[in-house]
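Asks: What follows is target35.cif, mmCIF, C-alpha atoms.
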```cif
data_protein
#
loop_
_atom_site.label_atom_id
_atom_site.label_comp_id
_atom_site.auth_asym_id
_atom_site.auth_seq_id
_atom_site.Cartn_x
_atom_site.Cartn_y
_atom_site.Cartn_z
CA CYS A 1 -19.86 -12.01 138.37
CA TYR A 2 -22.84 -9.65 138.45
CA THR A 3 -24.21 -11.26 141.63
CA HIS A 4 -20.87 -10.99 143.45
CA PHE A 5 -20.32 -7.34 142.48
CA ARG A 6 -23.89 -6.38 143.34
CA SER A 7 -23.71 -8.12 146.76
CA THR A 8 -20.40 -6.38 147.53
CA ALA A 9 -21.84 -2.99 146.59
CA ASP A 10 -24.94 -3.61 148.74
CA LEU A 11 -22.78 -4.58 151.74
CA ALA A 12 -20.57 -1.49 151.41
CA GLU A 13 -23.68 0.69 151.08
CA HIS A 14 -25.14 -0.87 154.22
CA TYR A 15 -22.07 -0.01 156.29
CA LEU A 16 -21.86 3.52 154.89
CA LYS A 17 -25.50 4.21 155.73
CA ASP A 18 -25.66 5.93 159.13
CA TYR A 19 -21.86 5.62 159.41
CA PRO A 20 -20.26 4.70 161.79
CA SER A 21 -23.20 3.19 163.74
CA ASN A 22 -23.69 0.24 161.36
CA VAL A 23 -19.98 -0.53 161.39
CA LEU A 24 -19.72 -0.45 165.18
CA LYS A 25 -22.48 -3.06 165.44
CA ASN A 26 -20.05 -5.51 163.85
CA PRO A 27 -18.08 -7.39 166.59
CA LEU A 28 -14.88 -6.91 164.56
CA PHE A 29 -14.98 -3.20 165.42
CA SER A 30 -15.95 -3.50 169.09
CA PRO A 31 -12.66 -1.86 170.22
CA PHE A 32 -13.88 1.34 168.54
CA SER A 33 -17.40 1.30 169.98
CA SER A 34 -16.68 4.10 172.47
CA SER A 35 -18.38 7.42 171.86
CA SER A 36 -16.70 9.82 169.48
CA SER A 37 -16.06 12.29 172.32
CA SER A 38 -13.94 9.79 174.28
CA SER A 39 -12.27 7.97 171.40
CA THR A 40 -8.58 8.58 170.82
CA THR A 41 -7.16 10.42 167.84
CA ALA A 42 -5.82 7.08 166.51
CA GLU A 43 -9.28 5.52 166.75
CA GLN A 44 -10.87 8.46 164.95
CA ALA A 45 -8.22 8.22 162.23
CA MET A 46 -8.92 4.50 161.93
CA MET A 47 -12.65 5.11 161.49
CA GLY A 48 -11.96 7.84 158.93
CA ALA A 49 -9.68 5.51 156.95
CA LEU A 50 -12.28 2.74 157.13
CA LYS A 51 -14.95 5.02 155.70
CA ILE A 52 -12.70 5.84 152.76
CA GLU A 53 -12.07 2.10 152.24
CA LEU A 54 -15.81 1.43 152.16
CA GLN A 55 -16.31 4.22 149.62
CA LEU A 56 -13.55 2.74 147.45
CA VAL A 57 -15.09 -0.72 147.60
CA LEU A 58 -18.49 0.74 146.77
CA ALA A 59 -17.08 2.64 143.77
CA ASP A 60 -15.23 -0.39 142.36
CA SER A 61 -18.05 -2.89 142.86
CA THR A 62 -20.70 -0.48 141.49
CA PHE A 63 -18.58 0.20 138.40
CA PHE A 64 -18.14 -3.50 137.65
CA THR A 65 -21.83 -4.11 138.35
CA GLY A 66 -22.51 -1.59 135.59
CA ALA A 67 -20.02 -3.31 133.29
CA CYS A 68 -21.79 -6.64 133.84
CA LEU A 69 -25.18 -5.05 133.13
CA GLY A 70 -23.76 -3.58 129.93
CA ARG A 71 -22.74 -7.08 128.82
CA LEU A 72 -26.32 -8.16 129.51
CA SER A 73 -27.57 -5.33 127.23
CA LYS A 74 -29.25 -3.53 130.15
CA ILE A 75 -27.96 -0.18 128.94
CA VAL A 76 -29.93 2.20 131.19
CA LYS A 77 -29.10 0.31 134.40
CA ALA A 78 -25.48 -0.02 133.25
CA GLY A 79 -25.22 3.73 132.69
CA TRP A 80 -26.79 4.49 136.06
CA ASN A 81 -24.36 2.23 137.96
CA ILE A 82 -21.35 3.59 136.09
CA LYS A 83 -22.54 7.14 136.79
CA GLN A 84 -22.80 6.35 140.53
CA ALA A 85 -19.33 4.82 140.56
CA GLY A 86 -17.93 7.84 138.72
CA SER A 87 -19.55 10.22 141.23
CA ILE A 88 -17.91 8.42 144.18
CA SER A 89 -14.48 8.27 142.49
CA SER A 90 -14.70 11.91 141.37
CA SER A 91 -15.64 13.07 144.86
CA LEU A 92 -12.77 11.11 146.45
CA ASN A 93 -10.32 12.42 143.84
CA LYS A 94 -11.32 16.02 144.61
CA GLN A 95 -10.74 15.36 148.32
CA LEU A 96 -7.37 13.79 147.51
CA VAL A 97 -6.27 16.82 145.47
CA ALA A 98 -7.40 19.20 148.24
CA ASP A 99 -5.91 17.28 151.19
CA PRO A 100 -3.54 14.39 150.27
CA ALA A 101 -2.40 14.00 153.90
CA SER A 102 -5.83 12.72 154.96
CA PHE A 103 -5.44 9.64 152.76
CA LEU A 104 -3.16 6.65 153.29
CA PRO A 105 -0.71 5.98 150.42
CA GLN A 106 -2.62 2.81 149.45
CA GLN A 107 -5.87 4.78 149.36
CA GLN A 108 -4.33 7.43 147.12
CA MET A 109 -3.44 4.73 144.59
CA ALA A 110 -6.90 3.17 144.94
CA ILE A 111 -8.56 6.51 144.16
CA LYS A 112 -6.34 6.96 141.11
CA PHE A 113 -7.26 3.45 140.01
CA GLY A 114 -11.00 4.07 140.40
CA THR A 115 -10.90 7.46 138.69
CA GLY A 116 -8.58 6.16 135.96
CA VAL A 117 -10.81 3.16 135.20
CA PHE A 118 -13.85 5.42 134.98
CA LEU A 119 -12.26 7.99 132.66
CA TRP A 120 -10.75 5.27 130.47
CA ALA A 121 -13.81 3.03 130.32
CA LEU A 122 -16.15 5.93 129.63
CA SER A 123 -14.31 6.61 126.38
CA TRP A 124 -15.01 3.03 125.20
CA LEU A 125 -18.69 2.87 126.09
CA PRO A 126 -21.41 2.91 123.42
CA PRO A 127 -22.06 6.51 122.27
CA ILE A 128 -25.59 6.54 123.71
CA ILE A 129 -24.27 5.95 127.27
CA VAL A 130 -21.45 8.47 126.82
CA LYS A 131 -23.93 11.16 125.73
CA VAL A 132 -26.16 10.50 128.75
CA LEU A 133 -23.18 10.73 131.13
CA GLU A 134 -21.85 13.88 129.44
CA VAL A 135 -25.24 15.57 129.89
CA ILE A 136 -25.00 15.03 133.65
CA GLY A 137 -21.46 16.35 133.86
CA PHE A 138 -19.02 13.50 133.14
CA GLN A 139 -16.37 13.77 130.44
CA ALA A 140 -14.49 10.87 128.88
CA ASP A 141 -10.71 11.33 129.00
CA ARG A 142 -8.84 8.24 127.82
CA VAL A 143 -5.37 9.84 128.01
CA LYS A 144 -5.79 10.97 131.63
CA GLY A 145 -7.43 7.65 132.58
CA VAL A 146 -4.56 5.60 131.10
CA ALA A 147 -2.00 7.86 132.86
CA MET A 148 -3.69 7.22 136.23
CA LEU A 149 -3.82 3.46 135.57
CA LYS A 150 -0.11 3.48 134.67
CA GLU A 151 0.72 5.23 137.96
CA CYS A 152 -1.29 2.66 139.92
CA SER A 153 0.19 -0.22 137.91
CA ALA A 154 3.74 0.89 138.79
CA SER A 155 2.92 1.24 142.51
CA GLU A 156 4.70 -1.17 144.87
CA ILE A 157 2.14 -0.69 147.66
CA SER A 158 -1.26 -0.81 145.95
CA ILE A 159 -3.30 -4.03 146.01
CA ARG A 160 -4.96 -2.67 142.87
CA ALA A 161 -1.68 -2.63 140.92
CA PRO A 162 -2.36 -6.00 139.19
CA PHE A 163 -5.88 -4.86 138.27
CA ALA A 164 -4.52 -1.60 136.82
CA SER A 165 -2.00 -3.64 134.82
CA MET A 166 -4.82 -5.89 133.62
CA MET A 167 -6.87 -2.88 132.47
CA LEU A 168 -3.86 -1.58 130.56
CA CYS A 169 -3.47 -5.00 128.91
CA VAL A 170 -7.07 -4.80 127.74
CA ASN A 171 -6.49 -1.26 126.48
CA PHE A 172 -3.39 -2.11 124.45
CA PHE A 173 -4.12 -5.61 123.19
CA ILE A 174 -7.84 -6.42 123.12
CA LEU A 175 -9.88 -3.31 122.38
CA PRO A 176 -10.19 -2.68 118.63
CA ARG A 177 -8.54 0.31 116.96
CA ALA A 178 -8.57 1.62 113.43
CA LEU A 179 -5.46 2.92 111.66
CA TYR A 180 -3.16 2.42 114.63
CA ASN A 181 0.59 1.83 114.63
CA VAL A 182 1.06 -1.57 116.23
CA ASN A 183 4.75 -0.94 117.00
CA GLU A 184 3.92 2.20 118.98
CA LEU A 185 1.33 0.29 121.01
CA LEU A 186 3.79 -2.54 121.70
CA ALA A 187 6.52 -0.12 122.74
CA GLU A 188 4.13 1.42 125.27
CA ALA A 189 2.70 -1.88 126.52
CA GLU A 190 5.72 -4.18 126.76
CA PRO A 191 7.47 -2.48 129.74
CA ILE A 192 4.20 -2.72 131.67
CA MET A 193 3.85 -6.42 130.78
CA GLU A 194 7.47 -7.20 131.69
CA ARG A 195 7.08 -5.52 135.09
CA ALA A 196 3.78 -7.31 135.75
CA LEU A 197 5.20 -10.71 134.83
CA THR A 198 8.24 -10.10 137.06
CA ARG A 199 5.99 -9.25 140.02
CA TRP A 200 3.37 -11.93 139.36
CA PRO A 201 5.22 -14.69 137.45
CA LYS A 202 2.44 -17.26 137.85
CA SER A 203 -0.38 -15.00 136.68
CA PRO A 204 -2.28 -16.62 133.76
CA MET A 205 -3.61 -13.22 132.71
CA PHE A 206 -0.18 -11.67 132.22
CA HIS A 207 1.25 -14.72 130.46
CA TRP A 208 -1.72 -14.51 128.10
CA MET A 209 -1.17 -10.80 127.49
CA VAL A 210 2.55 -11.30 126.82
CA SER A 211 1.51 -13.88 124.22
CA PHE A 212 -0.57 -11.16 122.50
CA SER A 213 2.52 -8.97 122.32
CA LEU A 214 4.72 -11.76 120.94
CA ARG A 215 2.13 -12.66 118.30
CA LYS A 216 2.22 -9.05 117.10
CA ARG A 217 6.00 -9.35 116.91
CA GLY A 218 5.70 -12.49 114.76
CA ASP A 219 7.07 -14.74 117.52
CA ALA A 220 4.35 -17.41 117.44
CA GLU A 221 6.60 -19.94 119.19
CA GLY A 222 7.22 -17.60 122.13
CA ALA A 223 3.52 -16.69 122.25
CA LEU A 224 2.56 -20.38 122.37
CA ARG A 225 5.00 -20.98 125.23
CA HIS A 226 3.40 -18.21 127.34
CA ILE A 227 -0.14 -19.44 126.58
CA GLN A 228 0.84 -22.92 127.72
CA GLU A 229 2.32 -21.42 130.91
CA ALA A 230 -1.01 -19.67 131.51
CA ILE A 231 -2.90 -22.95 131.04
CA VAL A 232 -0.55 -24.77 133.44
CA ALA A 233 -0.91 -21.98 136.02
CA LEU A 234 -4.69 -22.31 135.89
CA LYS A 235 -4.55 -26.09 136.25
CA ASN A 236 -2.23 -25.72 139.27
CA ASP A 237 -4.52 -23.13 140.87
CA SER A 238 -6.01 -24.24 144.19
CA THR A 239 -9.52 -23.76 142.81
CA GLY A 240 -8.84 -26.32 140.08
CA MET A 241 -10.02 -23.85 137.44
CA SER A 242 -9.93 -25.09 133.86
CA ALA A 243 -8.37 -23.01 131.09
CA PRO A 244 -10.78 -20.66 129.29
CA VAL A 245 -11.59 -21.80 125.75
CA MET A 246 -10.11 -18.58 124.35
CA LEU A 247 -6.69 -19.54 125.75
CA GLU A 248 -6.83 -22.86 123.93
CA LEU A 249 -8.02 -21.17 120.73
CA ASP A 250 -5.17 -18.67 120.91
CA SER A 251 -2.73 -21.55 121.29
CA CYS A 252 -4.26 -23.08 118.13
CA SER A 253 -3.86 -19.77 116.29
CA CYS A 254 -0.15 -19.78 117.21
CA MET A 255 0.14 -23.35 115.89
CA LEU A 256 -1.48 -22.24 112.63
CA MET A 257 0.99 -19.36 112.36
CA GLU A 258 3.79 -21.95 112.64
CA GLN A 259 2.00 -24.38 110.26
CA LYS A 260 1.66 -26.98 113.01
CA TRP A 261 -1.58 -28.22 111.43
CA ALA A 262 -1.65 -31.75 112.89
CA GLU A 263 -0.95 -30.55 116.44
CA ALA A 264 -3.69 -27.91 116.22
CA LYS A 265 -6.10 -30.38 114.63
CA THR A 266 -5.79 -32.78 117.59
CA LEU A 267 -6.66 -30.07 120.11
CA LEU A 268 -9.48 -28.59 118.01
CA GLU A 269 -11.02 -32.00 117.36
CA GLN A 270 -11.43 -32.50 121.12
CA MET A 271 -12.87 -29.01 121.53
CA VAL A 272 -15.46 -29.49 118.76
CA MET A 273 -16.59 -32.72 120.43
CA VAL A 274 -17.20 -31.13 123.85
CA GLN A 275 -18.72 -27.80 122.78
CA GLY A 276 -22.48 -27.53 122.79
CA LYS A 277 -24.88 -25.19 121.07
CA GLY A 278 -24.67 -21.56 122.15
CA THR A 279 -21.02 -21.81 123.18
CA SER A 280 -19.57 -18.33 122.73
CA VAL A 281 -16.64 -19.55 120.59
CA ASN A 282 -18.30 -22.46 118.83
CA GLY A 283 -17.95 -20.81 115.42
CA LEU A 284 -14.27 -19.91 115.75
CA THR A 285 -13.43 -23.43 116.94
CA ARG A 286 -15.04 -24.97 113.86
CA MET A 287 -13.39 -22.53 111.47
CA LEU A 288 -9.92 -23.23 112.89
CA TYR A 289 -10.61 -26.98 112.81
CA ALA A 290 -11.76 -26.86 109.18
CA ALA A 291 -8.66 -24.81 108.24
CA CYS A 292 -6.40 -27.50 109.73
CA LEU A 293 -8.29 -30.28 107.93
CA GLN A 294 -7.95 -28.43 104.62
CA GLN A 295 -4.19 -28.02 105.08
CA LEU A 296 -3.86 -31.73 105.91
CA GLY A 297 -5.68 -32.73 102.71
CA GLU A 298 -8.98 -33.66 104.37
CA LYS A 299 -11.12 -31.25 102.34
CA GLU A 300 -14.31 -33.30 102.41
CA LYS A 301 -14.18 -33.55 106.19
CA ALA A 302 -13.47 -29.81 106.38
CA MET A 303 -16.60 -29.09 104.32
CA LYS A 304 -18.63 -31.41 106.58
CA VAL A 305 -17.41 -29.52 109.69
CA LEU A 306 -18.51 -26.22 108.14
CA SER A 307 -21.88 -27.68 107.11
CA GLU A 308 -22.51 -28.44 110.82
CA MET A 309 -21.84 -24.83 111.85
CA PRO A 310 -24.68 -23.63 114.13
CA PRO A 311 -26.99 -20.98 112.62
CA GLU A 312 -26.01 -17.37 113.20
CA LYS A 313 -28.80 -16.86 115.77
CA GLU A 314 -27.40 -19.69 117.92
CA LEU A 315 -23.90 -18.20 118.04
CA MET A 316 -22.97 -15.51 120.53
CA GLY A 317 -21.42 -12.07 120.13
CA PRO A 318 -18.54 -11.68 117.63
CA ASP A 319 -18.70 -15.43 116.95
CA ARG A 320 -21.75 -14.82 114.74
CA VAL A 321 -19.50 -13.67 111.89
CA PHE A 322 -18.44 -17.28 111.26
CA ALA A 323 -21.87 -18.59 110.22
CA PRO A 324 -22.03 -16.55 106.96
CA MET A 325 -18.32 -17.18 106.45
CA ALA A 326 -18.92 -20.94 106.55
CA GLU A 327 -21.83 -20.55 104.14
CA ARG A 328 -19.60 -18.76 101.63
CA CYS A 329 -17.01 -21.56 101.81
CA LEU A 330 -19.70 -24.17 101.15
CA LYS A 331 -21.08 -22.31 98.12
CA ARG A 332 -17.95 -21.15 96.29
CA ALA A 333 -16.07 -23.26 93.75
CA SER A 334 -12.76 -23.03 95.64
CA GLY A 335 -14.42 -24.36 98.81
CA VAL A 336 -12.06 -24.31 101.80
CA THR A 337 -8.84 -23.77 99.81
CA LEU A 338 -8.29 -20.25 101.14
CA LEU A 339 -9.76 -20.86 104.60
CA SER A 340 -6.47 -21.00 106.55
CA PHE A 341 -5.46 -17.66 105.03
CA GLU A 342 -8.89 -16.12 105.73
CA ILE A 343 -9.05 -17.22 109.37
CA LEU A 344 -5.55 -15.91 110.17
CA TYR A 345 -6.37 -12.68 108.34
CA LEU A 346 -9.57 -12.29 110.36
CA ARG A 347 -7.69 -12.85 113.61
CA ARG A 348 -5.08 -10.26 112.52
CA ASP A 349 -2.26 -12.83 112.62
CA ILE A 350 -1.43 -13.03 108.91
CA ALA A 351 0.16 -9.56 108.95
CA HIS A 352 2.47 -10.52 111.83
CA LEU A 353 4.02 -13.73 110.51
CA ASN A 354 7.80 -13.75 110.60
CA PRO A 355 9.41 -13.88 107.12
CA THR A 356 10.18 -17.64 107.19
CA SER A 357 6.66 -18.59 108.33
CA ALA A 358 5.12 -16.19 105.81
CA GLU A 359 7.08 -17.72 102.91
CA ASN A 360 6.20 -21.28 103.97
CA PHE A 361 2.58 -20.30 104.37
CA ALA A 362 2.47 -18.64 100.94
CA ARG A 363 4.04 -21.69 99.26
CA GLY A 364 1.52 -24.01 100.91
CA LEU A 365 -1.35 -21.73 99.90
CA GLU A 366 -0.13 -21.57 96.30
CA ALA A 367 0.24 -25.35 96.11
CA GLY A 368 -3.27 -25.83 97.49
CA TRP A 369 -4.71 -23.33 95.03
CA ASN A 370 -2.97 -24.96 92.06
#
```
Output the structure of this file as structure tokens.

Replies:
Amino acid sequence: CYTHFRSTADLAEHYLKDYPSNVLKNPLFSPFSSSSSSSTTAEQAMMGALKIELQLVLADSTFFTGACLGRLSKIVKAGWNIKQAGSISSSLNKQLVADPASFLPQQQMAIKFGTGVFLWALSWLPPIIVKVLEVIGFQADRVKGVAMLKECSASEISIRAPFASMMLCVNFFILPRALYNVNELLAEAEPIMERALTRWPKSPMFHWMVSFSLRKRGDAEGALRHIQEAIVALKNDSTGMSAPVMLELDSCSCMLMEQKWAEAKTLLEQMVMVQGKGTSVNGLTRMLYAACLQQLGEKEKAMKVLSEMPPEKELMGPDRVFAPMAERCLKRASGVTLLSFEILYLRRDIAHLNPTSAENFARGLEAGWN
């Protein structure tokens, strides 16, 4: 992703340098190669609109270049790219406020998307980056950023509407929050998800996000159905893309919520066999697999699966939490007895079981403990 975003930003920068000369060298724009003094008003308007488009592309690609660098722990370079993207978006937004008529309707939405993403994302960045950006004049404003993204998401004309909807999905369902009211979040998010799924019914991303919402509502069966639709949509995609492992793991979590241990075990068994060292979700896969084995009475096999858990240093990101968790299971007298409860608690699913599933789960847990 980094390479693609960086190449796009470089190309946009190339065309903006000495604009419009570099653009007019491209055969695609040969009809506009006449001198500015003899060009028509329509041609001048076209070149003005094209410059804005290039600036928008540069802002978006530079921002996501910074996001990729942040994931690679290159904090200074990440901050610099995000600062550049913010400067371009801020400048365009000021022009839009001053003279809306000089921007096409699609461009107005694109500017709101770029500015909204920047304001929203800035509030989630590590404090060290936020402080650096605040020193040079940028202020995080999550509320304003989300409002701009909502406006773009609802737009019928913006090609960035699905991306704005995707950012809102991430905001409501994936980013961690402390002491939040889940029902308030769902009430705000669900209309956006419903509209997105109506407009893009075959989008794997939106089916996946709807499954998040349904899991929070305790509807594990409905969540599983949407995850499976997402997996089918990916398999039917012209690129032949395979389903991300996280989609399959979420489907397993839904099966665990419904106590479909054998069904989940079959899928997880295959996943454990194909995953290699360093896989970003290797630890979670093994924990879910061991939980299923424990519930099916295969405790010795469950303990063996946990004993083969890669060391913490070989796991990636949040997945590292599962190495010490597996160690604790191997050392304690109760072994894996409580593992199914622990893994659903850790994934924040235990609190959202519907009453029937919760009672069945509690009875099974009590029987296992006894």

Asks: Give as a list in words the residues that the PyMOL selection byres ((chain A and resi 57-68) around 8) matches when applied to the coordinates above.

Replies: Cys1, Tyr2, Phe5, Arg6, Thr8, Ala9, Ala12, Glu13, Glu53, Leu54, Gln55, Leu56, Leu69, Gly70, Arg71, Leu72, Lys77, Ala78, Gly79, Trp80, Asn81, Ile82, Gln84, Ala85, Gly86, Ile88, Ser89, Gly114 and Phe118 of chain A

Asks: To one decimal place in Å, what is the distance between CA of Gln295 in chain A and CA of Trp261 in chain A?

Replies: 6.9 Å

Asks: Please determine, counting all atoms listed in the file, which residue among A:Lys83, A:Arg347, A:Lys216, A:Lys131 has the shortest atom-to-atom distance to Val321 in chain A.

Replies: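 Checking each candidate against Val321 in chain A, we get A:Arg347 as the closest.
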
Asks: Applied to this file, what does the PyMOL selection byres ((chain A and resi 227-233) around 12) return in terms of residues, put as a PyMOL selection string?

Replies: chain A and resi 197+200-215+220-226+234-255

Asks: Go ahead and compute the interatomic distance for CA of Glu151 in chain A and CA of Leu11 in chain A, in Å to one decimal.

Replies: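 Interatomic distance here is 29.0 Å.
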
Asks: So how many Å separate CA of Ser73 in chain A and CA of Phe173 in chain A, to one decimal?

Replies: 23.8 Å

Asks: So that I can check the surroundings of Ser307 in chain A, please list as number ranges by chain every protein, DNA and RNA residue that reaches within 9 Å of it, counting only C-alpha atoms and ignoring chain neighbours fewer than 4 positions away.

Replies: A: 302-303, 326-327, 330

Asks: Restricting the calculation to only C-alpha atoms, which member of A:Arg142, A:Arg195, A:Lys112, A:Lys313 is positioned closest to Ser91 in chain A?

Replies: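 That would be A:Lys112, the residue with the smallest distance to Ser91 in chain A.
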
Asks: Point out the residue among A:Glu314, A:Glu263, A:Glu359, A:Glu156 with the least atom-to-atom distance to Leu296 in chain A, counting all atoms listed in the file.

Replies: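 Nearest to Leu296 in chain A: A:Glu263.
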
Asks: I'd like to know which of A:Ala49, A:Leu122, A:Val305, A:Met148 is closest to Pro105 in chain A, using all atoms listed in the file.

Replies: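 For Pro105 in chain A, the nearest of the given residues is A:Ala49.
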
Asks: Excluding Thr285 in chain A and any residue of its chain fewer than 2 positions from it, enumerate the residues within 8 Å of it, using all atoms listed in the file, and give them as a ChimeraX atom specification.

Replies: /A:249,268,271-272,281-283,287-289

Asks: For each of A:Asp99, A:Gly145, A:Lys260, A:Leu50, take the minimum atom-to-atom distance to Thr115 in chain A, counting all atoms listed in the file, then give the residue where this is smallest.

Replies: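 The closest residue to Thr115 in chain A is A:Gly145.
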
Asks: Ranking A:Gln139, A:Ser87, A:Gln259, A:Thr337 by minimum distance to Asn360 in chain A and counting all atoms listed in the file, which one comes first?

Replies: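 Of A:Gln139, A:Ser87, A:Gln259, A:Thr337, the one nearest Asn360 in chain A is A:Gln259, counting all atoms listed in the file.
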
Asks: Determine, counting only C-alpha atoms, which protein, DNA and RNA residues have an atom within 12 Å of an atom of Pro355 in chain A; residues of the same chain fewer than 5 positions away are not included. Present the result as a ChimeraX atom specification.

Replies: /A:217-219,257-258,350,360-362

Asks: For the file shown, report as a PyMOL selection string the outcome of the PyMOL selection byres ((chain A and resi 191) around 12) at residue level.

Replies: chain A and resi 150+153-154+165+168-169+185-190+192-198+210+213
